[in-house]
Each structure stands twice: as structure tokens, then as C-alpha cells.
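A.B. asks: Hey, dropping coords.pdb in here, PDB, C-alpha atoms and all ligand atoms:
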ATOM      1  CA  MET A   1     123.950 136.410  69.045
ATOM      2  CA  LYS A   2     120.482 137.611  68.032
ATOM      3  CA  PRO A   3     120.171 139.211  64.584
ATOM      4  CA  ARG A   4     119.492 142.956  64.449
ATOM      5  CA  VAL A   5     116.321 144.298  62.794
ATOM      6  CA  LEU A   6     115.441 147.892  61.957
ATOM      7  CA  VAL A   7     111.751 148.835  62.021
ATOM      8  CA  THR A   8     111.762 152.032  59.990
ATOM      9  CA  ARG A   9     108.507 153.672  61.124
ATOM     10  CA  HIS A  10     105.600 153.380  63.553
ATOM     11  CA  VAL A  11     103.806 150.005  63.368
ATOM     12  CA  TYR A  12     100.974 148.311  65.259
ATOM     13  CA  PRO A  13     102.351 147.488  68.743
ATOM     14  CA  ALA A  14     101.970 143.694  68.478
ATOM     15  CA  THR A  15     104.591 143.729  65.702
ATOM     16  CA  ILE A  16     107.528 144.465  67.983
ATOM     17  CA  PRO A  17     107.234 141.466  70.383
ATOM     18  CA  ILE A  18     107.090 139.121  67.365
ATOM     19  CA  LEU A  19     110.480 140.453  66.333
ATOM     20  CA  GLN A  20     111.913 140.754  69.841
ATOM     21  CA  GLU A  21     111.468 137.058  70.520
ATOM     22  CA  HIS A  22     114.277 136.327  68.046
ATOM     23  CA  CYS A  23     115.963 139.630  67.243
ATOM     24  CA  VAL A  24     117.376 142.826  68.697
ATOM     25  CA  VAL A  25     115.036 145.533  67.453
ATOM     26  CA  ASP A  26     115.986 149.086  66.499
ATOM     27  CA  TYR A  27     112.529 150.702  66.406
ATOM     28  CA  GLN A  28     112.029 154.145  64.935
ATOM     29  CA  ASP A  29     108.653 154.634  66.631
ATOM     30  CA  SER A  30     107.595 157.685  64.664
ATOM     31  CA  HIS A  31     105.633 158.479  61.491
ATOM     32  CA  GLU A  32     108.606 160.395  60.147
ATOM     33  CA  VAL A  33     110.212 158.852  57.061
ATOM     34  CA  LEU A  34     113.973 158.275  57.271
ATOM     35  CA  ASP A  35     115.742 159.794  54.276
ATOM     36  CA  GLU A  36     118.322 157.713  52.416
ATOM     37  CA  ALA A  37     121.280 158.998  54.431
ATOM     38  CA  ARG A  38     119.657 158.200  57.792
ATOM     39  CA  LEU A  39     118.313 154.909  56.522
ATOM     40  CA  GLN A  40     121.812 153.901  55.411
ATOM     41  CA  LYS A  41     123.224 154.789  58.810
ATOM     42  CA  ARG A  42     120.581 152.774  60.678
ATOM     43  CA  LEU A  43     121.014 149.821  58.295
ATOM     44  CA  GLN A  44     124.799 149.636  58.642
ATOM     45  CA  HIS A  45     124.713 146.729  61.082
ATOM     46  CA  ALA A  46     121.179 145.422  60.451
ATOM     47  CA  HIS A  47     120.396 141.856  59.357
ATOM     48  CA  GLY A  48     116.750 142.616  58.644
ATOM     49  CA  VAL A  49     114.481 145.569  58.015
ATOM     50  CA  VAL A  50     110.706 145.862  58.407
ATOM     51  CA  CYS A  51     109.793 148.739  56.132
ATOM     52  CA  GLN A  52     106.914 150.607  54.514
ATOM     53  CA  LEU A  53     106.172 151.813  50.999
ATOM     54  CA  THR A  54     107.492 155.270  51.866
ATOM     55  CA  ASP A  55     111.014 153.971  52.567
ATOM     56  CA  PRO A  56     113.476 154.418  49.691
ATOM     57  CA  LEU A  57     115.402 151.143  49.591
ATOM     58  CA  HIS A  58     117.492 151.801  46.518
ATOM     59  CA  ALA A  59     120.683 150.038  45.368
ATOM     60  CA  ALA A  60     122.989 152.530  47.141
ATOM     61  CA  THR A  61     121.196 151.969  50.441
ATOM     62  CA  LEU A  62     121.413 148.199  50.068
ATOM     63  CA  ALA A  63     125.123 148.528  49.282
ATOM     64  CA  ALA A  64     125.533 150.370  52.585
ATOM     65  CA  ALA A  65     123.941 147.452  54.478
ATOM     66  CA  PRO A  66     126.471 144.619  54.050
ATOM     67  CA  GLN A  67     124.827 142.280  56.570
ATOM     68  CA  LEU A  68     121.238 142.702  55.380
ATOM     69  CA  ARG A  69     119.506 139.379  54.695
ATOM     70  CA  VAL A  70     115.831 140.311  54.561
ATOM     71  CA  ILE A  71     113.633 143.280  53.650
ATOM     72  CA  SER A  72     110.068 142.787  54.893
ATOM     73  CA  GLN A  73     107.685 145.276  53.376
ATOM     74  CA  ILE A  74     104.371 146.063  55.096
ATOM     75  CA  ALA A  75     102.495 146.262  51.757
ATOM     76  CA  VAL A  76     101.967 144.261  48.604
ATOM     77  CA  GLY A  77     103.632 146.783  46.291
ATOM     78  CA  VAL A  78     107.414 146.845  46.502
ATOM     79  CA  ASP A  79     108.173 149.621  44.007
ATOM     80  CA  ASN A  80     110.120 151.551  46.674
ATOM     81  CA  ILE A  81     112.602 148.655  46.843
ATOM     82  CA  ASP A  82     115.226 147.860  44.229
ATOM     83  CA  VAL A  83     114.342 144.165  44.123
ATOM     84  CA  ALA A  84     116.934 143.414  41.419
ATOM     85  CA  ALA A  85     119.702 144.932  43.565
ATOM     86  CA  ALA A  86     118.412 142.987  46.595
ATOM     87  CA  THR A  87     118.373 139.760  44.602
ATOM     88  CA  ALA A  88     121.913 140.387  43.377
ATOM     89  CA  ARG A  89     122.953 140.716  47.038
ATOM     90  CA  ARG A  90     120.954 137.610  47.980
ATOM     91  CA  ILE A  91     118.666 139.658  50.215
ATOM     92  CA  VAL A  92     115.169 138.167  50.500
ATOM     93  CA  VAL A  93     112.340 140.661  49.892
ATOM     94  CA  THR A  94     108.952 139.787  51.388
ATOM     95  CA  ASN A  95     105.552 141.493  51.115
ATOM     96  CA  THR A  96     102.033 141.086  52.552
ATOM     97  CA  PRO A  97      99.527 139.904  49.932
ATOM     98  CA  GLY A  98      96.250 138.200  50.763
ATOM     99  CA  VAL A  99      95.316 139.902  54.018
ATOM    100  CA  LEU A 100      94.465 143.192  52.293
ATOM    101  CA  THR A 101      92.695 141.839  49.218
ATOM    102  CA  GLU A 102      89.095 142.311  50.353
ATOM    103  CA  ALA A 103      89.702 145.684  52.025
ATOM    104  CA  THR A 104      91.327 147.053  48.878
ATOM    105  CA  ALA A 105      88.529 145.691  46.698
ATOM    106  CA  ASP A 106      85.969 147.317  49.044
ATOM    107  CA  LEU A 107      87.755 150.645  48.744
ATOM    108  CA  THR A 108      87.899 150.301  44.961
ATOM    109  CA  PHE A 109      84.156 149.892  44.880
ATOM    110  CA  ALA A 110      83.672 152.751  47.319
ATOM    111  CA  LEU A 111      85.652 155.008  44.954
ATOM    112  CA  LEU A 112      83.751 153.761  41.929
ATOM    113  CA  LEU A 113      80.388 154.477  43.577
ATOM    114  CA  ALA A 114      81.579 157.787  45.003
ATOM    115  CA  VAL A 115      82.700 159.175  41.666
ATOM    116  CA  ALA A 116      79.768 157.744  39.669
ATOM    117  CA  ARG A 117      77.150 159.054  42.104
ATOM    118  CA  ARG A 118      79.049 162.256  42.959
ATOM    119  CA  LEU A 119      78.985 161.500  46.685
ATOM    120  CA  PRO A 120      81.772 163.849  47.902
ATOM    121  CA  GLU A 121      80.355 166.647  45.759
ATOM    122  CA  ALA A 122      76.874 166.042  47.174
ATOM    123  CA  GLU A 123      78.196 166.031  50.718
ATOM    124  CA  ARG A 124      80.140 169.264  50.159
ATOM    125  CA  PHE A 125      76.939 170.790  48.766
ATOM    126  CA  LEU A 126      74.921 169.800  51.854
ATOM    127  CA  ARG A 127      77.577 170.923  54.356
ATOM    128  CA  ALA A 128      77.865 174.263  52.570
ATOM    129  CA  GLY A 129      74.158 174.848  53.359
ATOM    130  CA  LEU A 130      73.223 174.901  49.667
ATOM    131  CA  TRP A 131      70.441 172.281  49.871
ATOM    132  CA  ARG A 132      67.089 174.029  49.401
ATOM    133  CA  ARG A 133      64.747 171.301  48.167
ATOM    134  CA  TRP A 134      64.555 167.982  46.315
ATOM    135  CA  GLU A 135      65.018 168.706  42.612
ATOM    136  CA  VAL A 136      64.563 166.327  39.720
ATOM    137  CA  ASP A 137      68.040 167.002  38.310
ATOM    138  CA  LEU A 138      69.935 167.748  41.505
ATOM    139  CA  LEU A 139      73.384 166.102  41.626
ATOM    140  CA  CYS A 140      72.478 163.351  39.190
ATOM    141  CA  GLY A 141      75.275 160.938  38.400
ATOM    142  CA  ALA A 142      75.967 157.848  36.336
ATOM    143  CA  ASP A 143      74.519 154.346  36.575
ATOM    144  CA  VAL A 144      76.651 151.606  38.094
ATOM    145  CA  HIS A 145      74.235 148.677  37.973
ATOM    146  CA  GLY A 146      74.251 146.949  34.599
ATOM    147  CA  ARG A 147      77.304 148.844  33.315
ATOM    148  CA  THR A 148      80.578 147.363  32.068
ATOM    149  CA  LEU A 149      83.589 147.226  34.369
ATOM    150  CA  GLY A 150      87.035 146.728  32.842
ATOM    151  CA  ILE A 151      89.596 145.336  35.277
ATOM    152  CA  VAL A 152      93.229 145.812  34.315
ATOM    153  CA  GLY A 153      95.250 143.187  36.205
ATOM    154  CA  PHE A 154      93.374 140.097  37.347
ATOM    155  CA  GLY A 155      95.316 138.994  40.421
ATOM    156  CA  ARG A 156      93.845 138.630  43.896
ATOM    157  CA  ILE A 157      92.509 142.190  44.137
ATOM    158  CA  GLY A 158      91.276 142.366  40.536
ATOM    159  CA  GLN A 159      89.313 139.154  41.076
ATOM    160  CA  ALA A 160      87.890 140.421  44.374
ATOM    161  CA  VAL A 161      86.677 143.545  42.553
ATOM    162  CA  ALA A 162      85.069 141.300  39.909
ATOM    163  CA  ARG A 163      83.188 139.435  42.673
ATOM    164  CA  ARG A 164      81.735 142.717  43.921
ATOM    165  CA  ALA A 165      80.812 143.766  40.371
ATOM    166  CA  ARG A 166      78.704 140.641  39.971
ATOM    167  CA  GLY A 167      76.569 141.762  42.917
ATOM    168  CA  PHE A 168      75.972 145.021  41.046
ATOM    169  CA  GLY A 169      74.850 143.150  37.939
ATOM    170  CA  MET A 170      77.813 144.492  35.978
ATOM    171  CA  ARG A 171      79.383 142.973  32.879
ATOM    172  CA  VAL A 172      83.033 142.311  33.703
ATOM    173  CA  LEU A 173      85.900 142.445  31.221
ATOM    174  CA  TYR A 174      89.495 142.027  32.286
ATOM    175  CA  CYS A 175      92.948 141.948  30.849
ATOM    176  CA  ASN A 176      95.897 140.156  32.315
ATOM    177  CA  ARG A 177      99.168 138.816  30.962
ATOM    178  CA  SER A 178      98.148 135.227  31.688
ATOM    179  CA  ALA A 179      94.727 133.588  31.819
ATOM    180  CA  PRO A 180      93.560 132.427  35.262
ATOM    181  CA  PRO A 181      92.252 128.868  35.597
ATOM    182  CA  ALA A 182      89.060 128.467  33.509
ATOM    183  CA  ASP A 183      86.888 127.939  36.615
ATOM    184  CA  VAL A 184      87.957 131.343  38.000
ATOM    185  CA  GLU A 185      86.837 133.063  34.805
ATOM    186  CA  THR A 186      83.512 131.231  34.627
ATOM    187  CA  GLY A 187      82.936 131.512  38.383
ATOM    188  CA  LEU A 188      83.323 135.275  38.158
ATOM    189  CA  GLY A 189      81.484 135.615  34.853
ATOM    190  CA  ALA A 190      84.407 137.659  33.531
ATOM    191  CA  LEU A 191      85.731 137.812  29.979
ATOM    192  CA  ARG A 192      89.425 138.207  29.139
ATOM    193  CA  VAL A 193      89.980 140.765  26.360
ATOM    194  CA  PRO A 194      92.909 142.832  25.048
ATOM    195  CA  LEU A 195      93.487 146.198  26.769
ATOM    196  CA  ASP A 196      92.361 148.285  23.775
ATOM    197  CA  LEU A 197      89.012 146.486  23.615
ATOM    198  CA  LEU A 198      88.568 146.760  27.379
ATOM    199  CA  LEU A 199      89.182 150.523  27.209
ATOM    200  CA  ARG A 200      86.723 150.990  24.330
ATOM    201  CA  GLU A 201      83.923 148.963  25.944
ATOM    202  CA  SER A 202      84.116 149.799  29.645
ATOM    203  CA  ASP A 203      82.084 152.346  31.600
ATOM    204  CA  PHE A 204      84.538 151.986  34.490
ATOM    205  CA  VAL A 205      88.197 151.047  34.124
ATOM    206  CA  SER A 206      89.830 149.882  37.358
ATOM    207  CA  LEU A 207      93.590 149.362  37.671
ATOM    208  CA  HIS A 208      95.068 146.464  39.655
ATOM    209  CA  VAL A 209      98.563 145.919  38.288
ATOM    210  CA  PRO A 210     101.805 146.340  40.221
ATOM    211  CA  SER A 211     104.054 149.277  39.421
ATOM    212  CA  THR A 212     106.921 147.903  37.322
ATOM    213  CA  ALA A 213     108.905 149.069  34.300
ATOM    214  CA  ASP A 214     106.313 147.268  32.129
ATOM    215  CA  THR A 215     103.300 148.995  33.673
ATOM    216  CA  HIS A 216     104.822 152.484  33.909
ATOM    217  CA  HIS A 217     102.285 154.888  32.301
ATOM    218  CA  LEU A 218     100.266 151.925  31.053
ATOM    219  CA  ILE A 219      97.388 154.395  30.879
ATOM    220  CA  GLY A 220      98.520 157.395  28.855
ATOM    221  CA  VAL A 221      97.123 159.732  26.180
ATOM    222  CA  GLU A 222      96.347 156.952  23.706
ATOM    223  CA  GLN A 223      94.555 154.783  26.268
ATOM    224  CA  LEU A 224      92.563 157.699  27.699
ATOM    225  CA  CYS A 225      91.495 158.689  24.178
ATOM    226  CA  ALA A 226      90.321 155.119  23.592
ATOM    227  CA  MET A 227      87.969 155.282  26.612
ATOM    228  CA  LYS A 228      84.334 156.367  26.284
ATOM    229  CA  ARG A 229      83.680 160.033  27.066
ATOM    230  CA  SER A 230      81.191 158.796  29.684
ATOM    231  CA  ALA A 231      83.700 156.445  31.353
ATOM    232  CA  PHE A 232      85.476 156.710  34.707
ATOM    233  CA  LEU A 233      89.016 155.664  35.630
ATOM    234  CA  ILE A 234      89.604 154.139  39.081
ATOM    235  CA  ASN A 235      93.150 153.726  40.389
ATOM    236  CA  THR A 236      93.881 151.974  43.676
ATOM    237  CA  ALA A 237      97.122 150.401  42.378
ATOM    238  CA  ARG A 238     100.028 152.841  42.015
ATOM    239  CA  GLY A 239     100.246 156.377  40.661
ATOM    240  CA  ALA A 240     103.012 155.497  38.218
ATOM    241  CA  VAL A 241     100.676 153.206  36.271
ATOM    242  CA  VAL A 242      98.906 156.316  34.940
ATOM    243  CA  ASP A 243     100.476 159.247  33.098
ATOM    244  CA  GLU A 244      99.089 161.836  35.535
ATOM    245  CA  ARG A 245      99.603 164.791  33.156
ATOM    246  CA  ALA A 246      97.697 162.963  30.416
ATOM    247  CA  LEU A 247      94.924 162.120  32.888
ATOM    248  CA  ILE A 248      94.591 165.749  33.986
ATOM    249  CA  ALA A 249      94.350 166.873  30.350
ATOM    250  CA  ALA A 250      91.764 164.156  29.605
ATOM    251  CA  LEU A 251      89.649 165.198  32.584
ATOM    252  CA  GLU A 252      89.917 168.906  31.768
ATOM    253  CA  GLU A 253      89.012 168.327  28.119
ATOM    254  CA  GLY A 254      86.132 165.992  28.966
ATOM    255  CA  LEU A 255      87.709 163.003  27.202
ATOM    256  CA  ILE A 256      86.537 160.890  30.130
ATOM    257  CA  ALA A 257      83.785 161.600  32.663
ATOM    258  CA  GLY A 258      85.788 161.381  35.874
ATOM    259  CA  ALA A 259      88.282 159.527  38.018
ATOM    260  CA  GLY A 260      88.543 157.974  41.453
ATOM    261  CA  LEU A 261      92.145 158.037  42.650
ATOM    262  CA  ASP A 262      93.669 156.569  45.803
ATOM    263  CA  VAL A 263      97.256 156.773  44.529
ATOM    264  CA  PHE A 264      99.398 159.442  42.882
ATOM    265  CA  ALA A 265     102.666 159.745  41.006
ATOM    266  CA  ALA A 266     104.539 161.680  43.713
ATOM    267  CA  GLU A 267     102.718 161.000  46.984
ATOM    268  CA  PRO A 268     101.819 162.854  49.122
ATOM    269  CA  GLN A 269     101.777 165.567  46.470
ATOM    270  CA  VAL A 270      98.511 165.840  44.578
ATOM    271  CA  PRO A 271      98.587 168.100  41.501
ATOM    272  CA  ALA A 272      96.632 171.352  41.962
ATOM    273  CA  GLU A 273      94.739 170.660  38.730
ATOM    274  CA  LEU A 274      93.290 167.461  40.204
ATOM    275  CA  LEU A 275      92.300 169.249  43.407
ATOM    276  CA  ALA A 276      90.430 171.815  41.308
ATOM    277  CA  LEU A 277      88.362 169.299  39.347
ATOM    278  CA  PRO A 278      84.841 168.488  40.628
ATOM    279  CA  ASN A 279      84.561 165.178  38.756
ATOM    280  CA  VAL A 280      87.454 163.530  40.583
ATOM    281  CA  VAL A 281      87.378 161.774  43.958
ATOM    282  CA  LEU A 282      90.758 161.869  45.687
ATOM    283  CA  LEU A 283      91.890 159.728  48.618
ATOM    284  CA  PRO A 284      95.232 159.612  50.511
ATOM    285  CA  HIS A 285      96.301 156.013  49.641
ATOM    286  CA  VAL A 286      93.907 154.284  52.040
ATOM    287  CA  GLY A 287      93.095 151.143  50.028
ATOM    288  CA  SER A 288      94.038 148.768  52.845
ATOM    289  CA  ALA A 289      93.377 151.194  55.694
ATOM    290  CA  VAL A 290      91.275 148.969  57.942
ATOM    291  CA  THR A 291      92.599 148.526  61.491
ATOM    292  CA  SER A 292      92.437 144.727  61.503
ATOM    293  CA  VAL A 293      94.003 144.520  58.036
ATOM    294  CA  ARG A 294      96.868 146.887  58.770
ATOM    295  CA  SER A 295      97.723 145.036  62.001
ATOM    296  CA  LEU A 296      97.694 141.725  60.099
ATOM    297  CA  MET A 297     100.014 143.245  57.495
ATOM    298  CA  CYS A 298     102.433 144.351  60.231
ATOM    299  CA  ALA A 299     102.388 140.925  61.884
ATOM    300  CA  LEU A 300     102.869 139.121  58.578
ATOM    301  CA  ALA A 301     105.879 141.281  57.704
ATOM    302  CA  ALA A 302     107.409 140.708  61.165
ATOM    303  CA  ARG A 303     106.881 136.932  60.969
ATOM    304  CA  ASP A 304     108.433 136.698  57.518
ATOM    305  CA  CYS A 305     111.396 138.765  58.673
ATOM    306  CA  VAL A 306     111.926 136.390  61.609
ATOM    307  CA  ALA A 307     111.443 133.373  59.328
ATOM    308  CA  VAL A 308     114.301 134.404  57.045
ATOM    309  CA  LEU A 309     116.590 135.302  59.943
ATOM    310  CA  THR A 310     115.965 131.957  61.670
ATOM    311  CA  GLY A 311     116.455 129.892  58.527
ATOM    312  CA  GLU A 312     112.761 129.186  57.861
ATOM    313  CA  ARG A 313     110.920 129.743  54.599
ATOM    314  CA  PRO A 314     108.938 133.024  54.582
ATOM    315  CA  HIS A 315     105.291 132.973  53.439
ATOM    316  CA  HIS A 316     105.624 135.655  50.795
ATOM    317  CA  ALA A 317     109.004 136.080  49.161
ATOM    318  CA  VAL A 318     108.975 138.438  46.174
ATOM    319  CA  ASN A 319     112.312 137.024  44.960
ATOM    320  CA  PRO A 320     112.062 133.323  45.945
ATOM    321  CA  GLU A 321     115.090 132.537  43.795
ATOM    322  CA  VAL A 322     117.222 133.856  46.661
ATOM    323  CA  LEU A 323     115.923 131.288  49.145
TER     324      LEU A 323
HETATM  325  C1  LIG B   1      99.988 147.958  49.094
HETATM  326  O1  LIG B   1      99.883 147.007  49.869
HETATM  327  O2  LIG B   1     100.807 147.968  48.191
HETATM  328  C2  LIG B   1      99.062 149.113  49.301
HETATM  329  O3  LIG B   1      99.290 150.144  48.429
HETATM  330  C3  LIG B   1      99.089 149.576  50.745
HETATM  331  O4  LIG B   1      98.352 148.660  51.424
END
Take the structure from the file and write it as C-alpha cells.

C.D. replies:
Amino acid sequence: MKPRVLVTRHVYPATIPILQEHCVVDYQDSHEVLDEARLQKRLQHAHGVVCQLTDPLHAATLAAAPQLRVISQIAVGVDNIDVAAATARRIVVTNTPGVLTEATADLTFALLLAVARRLPEAERFLRAGLWRRWEVDLLCGADVHGRTLGIVGFGRIGQAVARRARGFGMRVLYCNRSAPPADVETGLGALRVPLDLLLRESDFVSLHVPSTADTHHLIGVEQLCAMKRSAFLINTARGAVVDERALIAALEEGLIAGAGLDVFAAEPQVPAELLALPNVVLLPHVGSAVTSVRSLMCALAARDCVAVLTGERPHHAVNPEVL
């Protein structure tokens, strides 16, 4: 008998045939998010689930899915999944790193440039019909070229951001729990420093760590106070990495110059205070939102789901100890 797989939300169409070749697919072809009760009901007899970062896969939901063997997330971040509970139940959790690295690094740089050069503000100004003439001090922003970029988290995406920074003639500092191979550091011209030094020295601080208990509110009051008043914070990682209340206060009090945010603490809610600030660029979690990338992410998740259910090794297991 073929294993049963739940696909929780709308995906790129090519995803479904990959699953159907080996599994019976229960496809919720809608953008609506299943709440925990409905998710539990649909998972009752499922052997696999292809899910998204909006799906709450907490311990209680996993307990209600006694046959579940694999959770395949269409994203790198898995903070919506209780990985410890999955591991305890010997459920393999897979994710989709690699294919979205360059797209996310591009978006990080787009945010950095947008906030430094006040691009959304300038566009709003033009569309509002306020442009009268060229003026020497009209909508002037901050330099990017030659400035210091501090990268917090030097995995695939952090390193891809460092590569872009080199093209902008930036000095690159980074902090990471472990040092990458020496040739990576020299190749990228990046210097590993402690977080407090990175915060003090950087003109732009860009976050690229996963959301875990260790990184929760990694950037809070103390860290924001350590930053230069002229510095910008860029977050394309996860909202929970930043204490959002502390960030709002820092922006309102001018402790830092601005922020570029693609992620928020309670998505899709964006605090009214952030919406009211002119020196903040806000995006709706679109770091990897490139058509080719998103369809690759869907296919990768489907293939890894099939791999586990057919006794093969998946490409990207988050908890390989279960295999
Ligand atoms: C991820 O992969 O975790 C991003 O946030 C969505 O692409």
C-alpha cells in the first residue's frame, strides 16, 4: 500500500506528481493555513507531510499523528516545527537549504541599499507628486560603498552576503559560533570577531542565524545600544532573533539610523510603530521569493519526503540522528 502524504497548502504544481508517483496525496490546494485542530485531523493517518513555515507542527500535533515518519518543510527555517518532539518520535524533519541561498542574499542586499539610500521613501515622494526640481540635499542617504558590514551568522546565506559586499568594496566582519575553513575567510576577505565588537564597528548589521532558543532576542536593548547611531539593522532571518519592542524604541529614539526588515515576530502582523517610521523598509517575508527558487524548494521538499517514505536517505535531514 502506498504511504499517505498531506500537502498542507498550495505549492508549485510540479510538486504533486513527484509525490503521487510513490504516495497517496491529500492536497489542501489553498493558501489558507490549517489551524492545529484541522492539521491534527488531516494528519491522523498520514505517513508524511509537506509543510510550510506557517504550519504549527507542535508536540501535540505530532502526538496526534501516530504514523508520521517524515515532515518535509518548504523552507530552511524550521522554527514552526517542534524538532525535539519529532526526533523523540523518530520522525525525520527535512528542509530546503542551498537552493535559496543566492536569492536570499540578493534580497538582503536589496534591503540594505533600499534603507541606506531611502529608495521606498523617494519613490513615495515621486508618486505623491512632490518632486519639483533637483535639489542638492533632496532625499540624501547613507554611503554603502566602503562601509563596514557586520554579518551575524556565517552559514551559506551569510557567506553569500559577504560575497556581494566585496563587490561594494565593503569591509566585512562576521561572527559565528564556529570558524569556517580558513580559505573561506580569506577568499571572502572577512574577519571573524565577537558580536560586541561587530556591533560597535559596523555601519550595517545583517542577521543570518536560525531562530532557536539560543538566538531568541539575540539583538535586544544592549546590542542596539552598542551599535553606532548611524548604523542600520537588516533582518532577513527570523523576527524572533530581534527584540522587536527594543528595536522600535531604538528607532524612535534615534539610537540607530534605520532598519530593513523582511521578517517579524508575529507574522503577518507588523507593529503600527514600525509602519509609522520613515527610516524603516518593511517587506512581507520575501527573501526567497523568486519563482524558480520557490519551485525548486517545493520539489526538493517533495523528493526528500518520498526518499524517507521509500527507505532512501533524504538530502537535507535536520535531525539526521533519526535516520
Ligand atoms: C526560509 O527558507 O526559512 C525562508 O524564511 C523562506 O524561504

A.B. asks: Identify all residues satisfying the PyMOL selection byres (((chain A and resi 314) around 12) and not hetatm) in the given file; provide them as a CSV table (one decimal) with C-alpha atoms, in the coordinates of the input.

C.D. replies:
chain,number,residue,atom,x,y,z
A,70,VAL,CA,115.8,140.3,54.6
A,71,ILE,CA,113.6,143.3,53.6
A,72,SER,CA,110.1,142.8,54.9
A,92,VAL,CA,115.2,138.2,50.5
A,93,VAL,CA,112.3,140.7,49.9
A,94,THR,CA,109.0,139.8,51.4
A,95,ASN,CA,105.6,141.5,51.1
A,96,THR,CA,102.0,141.1,52.6
A,300,LEU,CA,102.9,139.1,58.6
A,301,ALA,CA,105.9,141.3,57.7
A,302,ALA,CA,107.4,140.7,61.2
A,303,ARG,CA,106.9,136.9,61.0
A,304,ASP,CA,108.4,136.7,57.5
A,305,CYS,CA,111.4,138.8,58.7
A,306,VAL,CA,111.9,136.4,61.6
A,307,ALA,CA,111.4,133.4,59.3
A,308,VAL,CA,114.3,134.4,57.0
A,309,LEU,CA,116.6,135.3,59.9
A,310,THR,CA,116.0,132.0,61.7
A,311,GLY,CA,116.5,129.9,58.5
A,312,GLU,CA,112.8,129.2,57.9
A,313,ARG,CA,110.9,129.7,54.6
A,315,HIS,CA,105.3,133.0,53.4
A,316,HIS,CA,105.6,135.7,50.8
A,317,ALA,CA,109.0,136.1,49.2
A,318,VAL,CA,109.0,138.4,46.2
A,319,ASN,CA,112.3,137.0,45.0
A,320,PRO,CA,112.1,133.3,45.9
A,322,VAL,CA,117.2,133.9,46.7
A,323,LEU,CA,115.9,131.3,49.1

A.B. asks: Counting only C-alpha atoms and all ligand atoms, what residues are within 6 Å of ligand LIG 1 (chain B), given as a list in words?

C.D. replies: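 These are the residues that qualify: Ala75, Val76, Gly77, Gly287 and Ser288 of chain A.
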
A.B. asks: Once the PyMOL selection byres (((chain A and resi 283) around 9) and not hetatm) has been applied to the shown file, what residues remain in the selection, as a PyMOL selection string?

C.D. replies: chain A and resi 111+260-263+281-282+284-287

A.B. asks: Could those selected residues go to a file with C-alpha atoms, as an mmCIF file, keeping the file's coordinate frame?

C.D. replies:
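Output (again-v6.cif):
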data_model
loop_
_atom_site.group_PDB
_atom_site.id
_atom_site.type_symbol
_atom_site.label_atom_id
_atom_site.label_comp_id
_atom_site.auth_asym_id
_atom_site.auth_seq_id
_atom_site.Cartn_x
_atom_site.Cartn_y
_atom_site.Cartn_z
ATOM 1 C CA LEU A 111 85.652 155.008 44.954
ATOM 2 C CA GLY A 260 88.543 157.974 41.453
ATOM 3 C CA LEU A 261 92.145 158.037 42.650
ATOM 4 C CA ASP A 262 93.669 156.569 45.803
ATOM 5 C CA VAL A 263 97.256 156.773 44.529
ATOM 6 C CA VAL A 281 87.378 161.774 43.958
ATOM 7 C CA LEU A 282 90.758 161.869 45.687
ATOM 8 C CA PRO A 284 95.232 159.612 50.511
ATOM 9 C CA HIS A 285 96.301 156.013 49.641
ATOM 10 C CA VAL A 286 93.907 154.284 52.040
ATOM 11 C CA GLY A 287 93.095 151.143 50.028
#

A.B. asks: Expand the PyMOL selection byres (((chain A and resi 259) around 12) and not hetatm) into the explicit residue set it covers here, and present it as JSON, numbers by chain.

C.D. replies: {"A": [108, 111, 112, 113, 114, 115, 116, 117, 118, 203, 204, 205, 206, 207, 224, 229, 230, 231, 232, 233, 234, 235, 236, 242, 244, 247, 248, 250, 251, 252, 254, 255, 256, 257, 258, 260, 261, 262, 263, 274, 275, 277, 278, 279, 280, 281, 282, 283]}

A.B. asks: Interatomic distance between CA of Asp243 in chain A and CA of Ala165 in chain A?

C.D. replies: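 Result for CA of Asp243 in chain A versus CA of Ala165 in chain A: 26.1 Å, one decimal.
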
A.B. asks: Find the distance between CA of Leu68 in chain A and CA of Val33 in chain A and write it in Å to one decimal.

C.D. replies: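 That distance, rounded to one decimal, is 19.6 Å.
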
A.B. asks: Which is closer to Pro210 in chain A than all the others in A:Met227, A:Val78, A:Val161, A:Ala299, using only C-alpha atoms?

C.D. replies: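 For Pro210 in chain A, the nearest of the given residues is A:Val78.
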
A.B. asks: Using only C-alpha atoms, find the one residue out of A:Glu201, A:Ala246, A:Gly48, A:Arg42 that sits nearest to Ala64 in chain A.

C.D. replies: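 Closest to Ala64 in chain A of all the choices is A:Arg42.
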
A.B. asks: Go through A:Arg166, A:Arg133, A:Arg192, A:His45 one by one, measure the shortest atom-to-atom distance of each to Gly153 in chain A using only C-alpha atoms, and give the residue with the smallest value.

C.D. replies: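 So, comparing all the options, the nearest one is A:Arg192.
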
A.B. asks: For each of A:Pro66, A:Lys41, A:Pro194, A:Ser202, take the minimum atom-to-atom distance to Leu149 in chain A, counting all atoms listed in the file, then give the residue where this is smallest.

C.D. replies: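 Using all atoms listed in the file, Leu149 in chain A sits closest to A:Ser202.
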
A.B. asks: Which residue, A:Ala59, A:Leu139, A:Val152, A:Val184, has the smallest gap to His208 in chain A when you use only C-alpha atoms?

C.D. replies: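 Looking at the shortest contact to His208 in chain A, the residue is A:Val152.
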
A.B. asks: Measure the distance from CA of Arg238 in chain A to CA of Phe264 in chain A in Å and round it to one decimal.

C.D. replies: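 Value for the CA of Arg238 in chain A-CA of Phe264 in chain A distance: 6.7 Å.
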
A.B. asks: From (97.2, 138.3, 55.1), in the file's coordinates, out to 8 Å: which residues are reached, counting only C-alpha atoms? Answer as a list in words.

C.D. replies: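 Residues found, by chain and rising number: Thr96, Pro97, Gly98, Val99, Leu100, Val293, Leu296, Met297 and Leu300 of chain A.
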
A.B. asks: Generate a file of the selected residues that holds C-alpha atoms, formatted as a PDB file, in the frame of the given file.

C.D. replies:
ATOM      1  CA  THR A  96     102.033 141.086  52.552  1.00  0.00           C
ATOM      2  CA  PRO A  97      99.527 139.904  49.932  1.00  0.00           C
ATOM      3  CA  GLY A  98      96.250 138.200  50.763  1.00  0.00           C
ATOM      4  CA  VAL A  99      95.316 139.902  54.018  1.00  0.00           C
ATOM      5  CA  LEU A 100      94.465 143.192  52.293  1.00  0.00           C
ATOM      6  CA  VAL A 293      94.003 144.520  58.036  1.00  0.00           C
ATOM      7  CA  LEU A 296      97.694 141.725  60.099  1.00  0.00           C
ATOM      8  CA  MET A 297     100.014 143.245  57.495  1.00  0.00           C
ATOM      9  CA  LEU A 300     102.869 139.121  58.578  1.00  0.00           C
TER      10      LEU A 300
END
